[in-house]
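Here's the structure we're looking at; comments come further down.
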Amino acid sequence: MSIVAIAGSAFTYYLPGLEDQANPGLFKTAPTIGAADFTISINGGAFEALDNTPTVSPAGGTQIAIVLSATETTAAGAGGRI
């Protein structure tokens, strides 16, 4: 399965969760996520913080919603790499 973001459009994808270090093999419930905890490299450039801080979705769950802004996908361009 491939996941393809369209240049110039916001794109959301989900991670099933972050592993709980205190309980290996389980996802951490309601993890704390800081603004620069997730970074992006566009077309092989330097890593930078995402425009939008990822969120836990639904609140109190384990799934992480990551939103790439239209600005980030535009910078990659059609056929670019994120």
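To be explicit about the labels: the chains of the structure tokens are called A, B, and onward in the order shown, and within each one the residues are counted from 1, while ligands get numbers from 1 in the order they are shown.
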Test item: residues at most 7 Å from Pro16 (chain A), only C-alpha atoms, excluding those fewer than 4 positions along its chain, as a PyMOL selection string: chain A and resi 62-64
Residues from last step as file, all heavy atoms, as a PDB file, in the first residue's frame:
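Heads up, here's the output in again_7.pdb:
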```pdb
ATOM      1  N   THR A  62      -4.727   6.170  21.502  1.00  0.00           N
ATOM      2  CA  THR A  62      -3.331   5.900  21.189  1.00  0.00           C
ATOM      3  C   THR A  62      -2.953   6.388  19.791  1.00  0.00           C
ATOM      4  O   THR A  62      -1.782   6.600  19.506  1.00  0.00           O
ATOM      5  CB  THR A  62      -3.020   4.393  21.252  1.00  0.00           C
ATOM      6  OG1 THR A  62      -3.803   3.704  20.292  1.00  0.00           O
ATOM      7  CG2 THR A  62      -3.296   3.840  22.640  1.00  0.00           C
ATOM      8  N   GLN A  63      -3.923   6.556  18.910  1.00  0.00           N
ATOM      9  CA  GLN A  63      -3.657   6.912  17.512  1.00  0.00           C
ATOM     10  C   GLN A  63      -3.153   8.354  17.401  1.00  0.00           C
ATOM     11  O   GLN A  63      -3.654   9.251  18.069  1.00  0.00           O
ATOM     12  CB  GLN A  63      -4.954   6.749  16.721  1.00  0.00           C
ATOM     13  CG  GLN A  63      -4.819   7.002  15.257  1.00  0.00           C
ATOM     14  CD  GLN A  63      -6.096   6.624  14.538  1.00  0.00           C
ATOM     15  OE1 GLN A  63      -6.180   5.540  14.006  1.00  0.00           O
ATOM     16  NE2 GLN A  63      -7.063   7.506  14.533  1.00  0.00           N
ATOM     17  N   ILE A  64      -2.163   8.583  16.545  1.00  0.00           N
ATOM     18  CA  ILE A  64      -1.573   9.903  16.345  1.00  0.00           C
ATOM     19  C   ILE A  64      -1.954  10.412  14.952  1.00  0.00           C
ATOM     20  O   ILE A  64      -1.676   9.741  13.951  1.00  0.00           O
ATOM     21  CB  ILE A  64      -0.030   9.856  16.435  1.00  0.00           C
ATOM     22  CG1 ILE A  64       0.441   9.134  17.693  1.00  0.00           C
ATOM     23  CG2 ILE A  64       0.573  11.253  16.320  1.00  0.00           C
ATOM     24  CD1 ILE A  64       0.078   9.783  18.973  1.00  0.00           C
TER      25      ILE A  64
END
```
Contacts of Ala35 (chain A) at 9 Å (only C-alpha atoms; same-chain gap of 5+ positions) as JSON, numbers by chain: {"A": [49, 50, 51, 52, 53, 54]}
Sel. of strand (DSSP E) residues, region 8-71 of chain A, as a PyMOL selection string: chain A and resi 11-15+39-40+48-49+55-56+64-68
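For Glu19 (chain A), the set of protein, DNA and RNA residues having any atom at most 12 Å away, when counting only C-alpha atoms and skipping those fewer than 2 positions along the same chain, is Leu15, Pro16, Gly17, Gln21, Ala22, Asn23, Pro24, Gly25, Leu26, Phe27, Lys28, Thr29, Ala30, Pro31, Thr62, Gln63 and Ile64 of chain A.
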Residue subset to file, keeping N, CA and C atoms, as a CSV table (one decimal), in the first residue's frame:
```csv
chain,number,residue,atom,x,y,z
A,15,LEU,N,-0.8,7.3,12.6
A,15,LEU,CA,0.1,6.3,13.2
A,15,LEU,C,-0.8,5.6,14.2
A,16,PRO,N,-0.6,4.2,14.3
A,16,PRO,CA,-1.4,3.5,15.3
A,16,PRO,C,-1.1,3.9,16.7
A,17,GLY,N,0.1,4.4,17.0
A,17,GLY,CA,0.5,4.8,18.3
A,17,GLY,C,2.0,4.8,18.5
A,21,GLN,N,7.3,2.8,26.6
A,21,GLN,CA,8.6,2.2,27.1
A,21,GLN,C,8.5,1.5,28.4
A,22,ALA,N,7.5,1.8,29.2
A,22,ALA,CA,7.3,1.1,30.5
A,22,ALA,C,6.6,-0.2,30.3
A,23,ASN,N,5.9,-0.4,29.2
A,23,ASN,CA,5.2,-1.6,28.8
A,23,ASN,C,5.4,-2.0,27.4
A,24,PRO,N,6.6,-2.5,27.1
A,24,PRO,CA,7.0,-2.9,25.7
A,24,PRO,C,5.9,-3.7,25.1
A,25,GLY,N,5.6,-3.4,23.8
A,25,GLY,CA,4.6,-4.1,23.0
A,25,GLY,C,3.3,-3.5,23.1
A,26,LEU,N,3.1,-2.5,24.0
A,26,LEU,CA,1.8,-1.8,24.1
A,26,LEU,C,2.0,-0.3,23.6
A,27,PHE,N,0.9,0.3,23.1
A,27,PHE,CA,1.0,1.7,22.7
A,27,PHE,C,0.7,2.5,24.0
A,28,LYS,N,1.3,3.7,24.0
A,28,LYS,CA,1.1,4.6,25.1
A,28,LYS,C,-0.2,5.3,24.9
A,29,THR,N,-1.0,5.4,26.0
A,29,THR,CA,-2.3,6.0,25.9
A,29,THR,C,-2.1,7.5,26.2
A,30,ALA,N,-2.7,8.4,25.4
A,30,ALA,CA,-2.6,9.8,25.5
A,30,ALA,C,-1.2,10.3,25.7
A,31,PRO,N,-0.3,10.0,24.7
A,31,PRO,CA,1.1,10.5,24.8
A,31,PRO,C,1.2,12.0,24.8
A,62,THR,N,-4.7,6.2,21.5
A,62,THR,CA,-3.3,5.9,21.2
A,62,THR,C,-3.0,6.4,19.8
A,63,GLN,N,-3.9,6.6,18.9
A,63,GLN,CA,-3.7,6.9,17.5
A,63,GLN,C,-3.2,8.4,17.4
A,64,ILE,N,-2.2,8.6,16.5
A,64,ILE,CA,-1.6,9.9,16.3
A,64,ILE,C,-2.0,10.4,15.0
```
Which of A:Ile42, A:Gly60, A:Thr32, A:Thr12 sits closest to Thr74 (chain A) [using only C-alpha atoms]: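 When distances to Thr74 (chain A) are compared using only C-alpha atoms, the smallest one comes from A:Ile42.
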Surrounding residues of Phe11 (chain A) excluding itself and chain neighbours under 5 positions, 9 Å, only C-alpha atoms, as a ChimeraX atom specification: /A:4-6,66-70,73
Just to be explicit: take each residue in the selection above, keep N, CA, C and O atoms, and write the result as an mmCIF file, in the first residue's frame.
```
data_model
loop_
_atom_site.group_PDB
_atom_site.id
_atom_site.type_symbol
_atom_site.label_atom_id
_atom_site.label_comp_id
_atom_site.auth_asym_id
_atom_site.auth_seq_id
_atom_site.Cartn_x
_atom_site.Cartn_y
_atom_site.Cartn_z
ATOM 1 N N VAL A 4 0.035 8.571 -0.790
ATOM 2 C CA VAL A 4 0.478 9.645 -1.666
ATOM 3 C C VAL A 4 -0.204 10.954 -1.290
ATOM 4 O O VAL A 4 -1.425 11.042 -1.267
ATOM 5 N N ALA A 5 0.596 11.955 -0.972
ATOM 6 C CA ALA A 5 0.080 13.295 -0.718
ATOM 7 C C ALA A 5 0.049 14.047 -2.047
ATOM 8 O O ALA A 5 0.926 13.865 -2.882
ATOM 9 N N ILE A 6 -0.956 14.869 -2.237
ATOM 10 C CA ILE A 6 -1.085 15.646 -3.465
ATOM 11 C C ILE A 6 -0.500 17.029 -3.220
ATOM 12 O O ILE A 6 -0.861 17.704 -2.248
ATOM 13 N N ILE A 66 -1.282 12.992 12.032
ATOM 14 C CA ILE A 66 -0.232 13.879 11.530
ATOM 15 C C ILE A 66 -0.784 14.593 10.310
ATOM 16 O O ILE A 66 -1.225 13.953 9.348
ATOM 17 N N VAL A 67 -0.782 15.923 10.361
ATOM 18 C CA VAL A 67 -1.320 16.719 9.263
ATOM 19 C C VAL A 67 -0.181 17.465 8.584
ATOM 20 O O VAL A 67 0.516 18.253 9.224
ATOM 21 N N LEU A 68 0.013 17.193 7.295
ATOM 22 C CA LEU A 68 0.955 17.976 6.497
ATOM 23 C C LEU A 68 0.167 19.126 5.890
ATOM 24 O O LEU A 68 -0.898 18.915 5.314
ATOM 25 N N SER A 69 0.678 20.330 6.023
ATOM 26 C CA SER A 69 -0.021 21.499 5.497
ATOM 27 C C SER A 69 0.121 21.575 3.981
ATOM 28 O O SER A 69 1.015 20.955 3.388
ATOM 29 N N ALA A 70 -0.759 22.355 3.357
ATOM 30 C CA ALA A 70 -0.669 22.572 1.914
ATOM 31 C C ALA A 70 0.682 23.193 1.565
ATOM 32 O O ALA A 70 1.266 22.892 0.519
ATOM 33 N N THR A 73 3.262 20.308 1.360
ATOM 34 C CA THR A 73 3.128 19.471 0.166
ATOM 35 C C THR A 73 3.456 20.270 -1.093
ATOM 36 O O THR A 73 3.986 19.716 -2.050
#
```
12 Å contact set for Ala46 (chain A), only C-alpha atoms, chain neighbours under 6 positions out, as JSON, numbers by chain: {"A": [39, 40, 82]}
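Using only C-alpha atoms for every distance, the candidate list A:Gly45, A:Gly8, A:Ile33, A:Asp20 yields A:Ile33 as the residue closest to Ala65 (chain A).
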Atomic distance CA of Gly44 (chain A) - CA of Val56 (chain A), expressed in Å with one decimal: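 Distance between the two atoms: 27.5 Å.
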Pick from A:Arg81, A:Ala75, A:Gly34, A:Tyr14, whichever lies nearest to Pro58 (chain A) using only C-alpha atoms: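 Looking at the shortest contact to Pro58 (chain A), the residue is A:Tyr14.
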Residues flagged helix (DSSP H, G or I) by DSSP in chain A, as a PyMOL selection string: chain A and resi 70-76
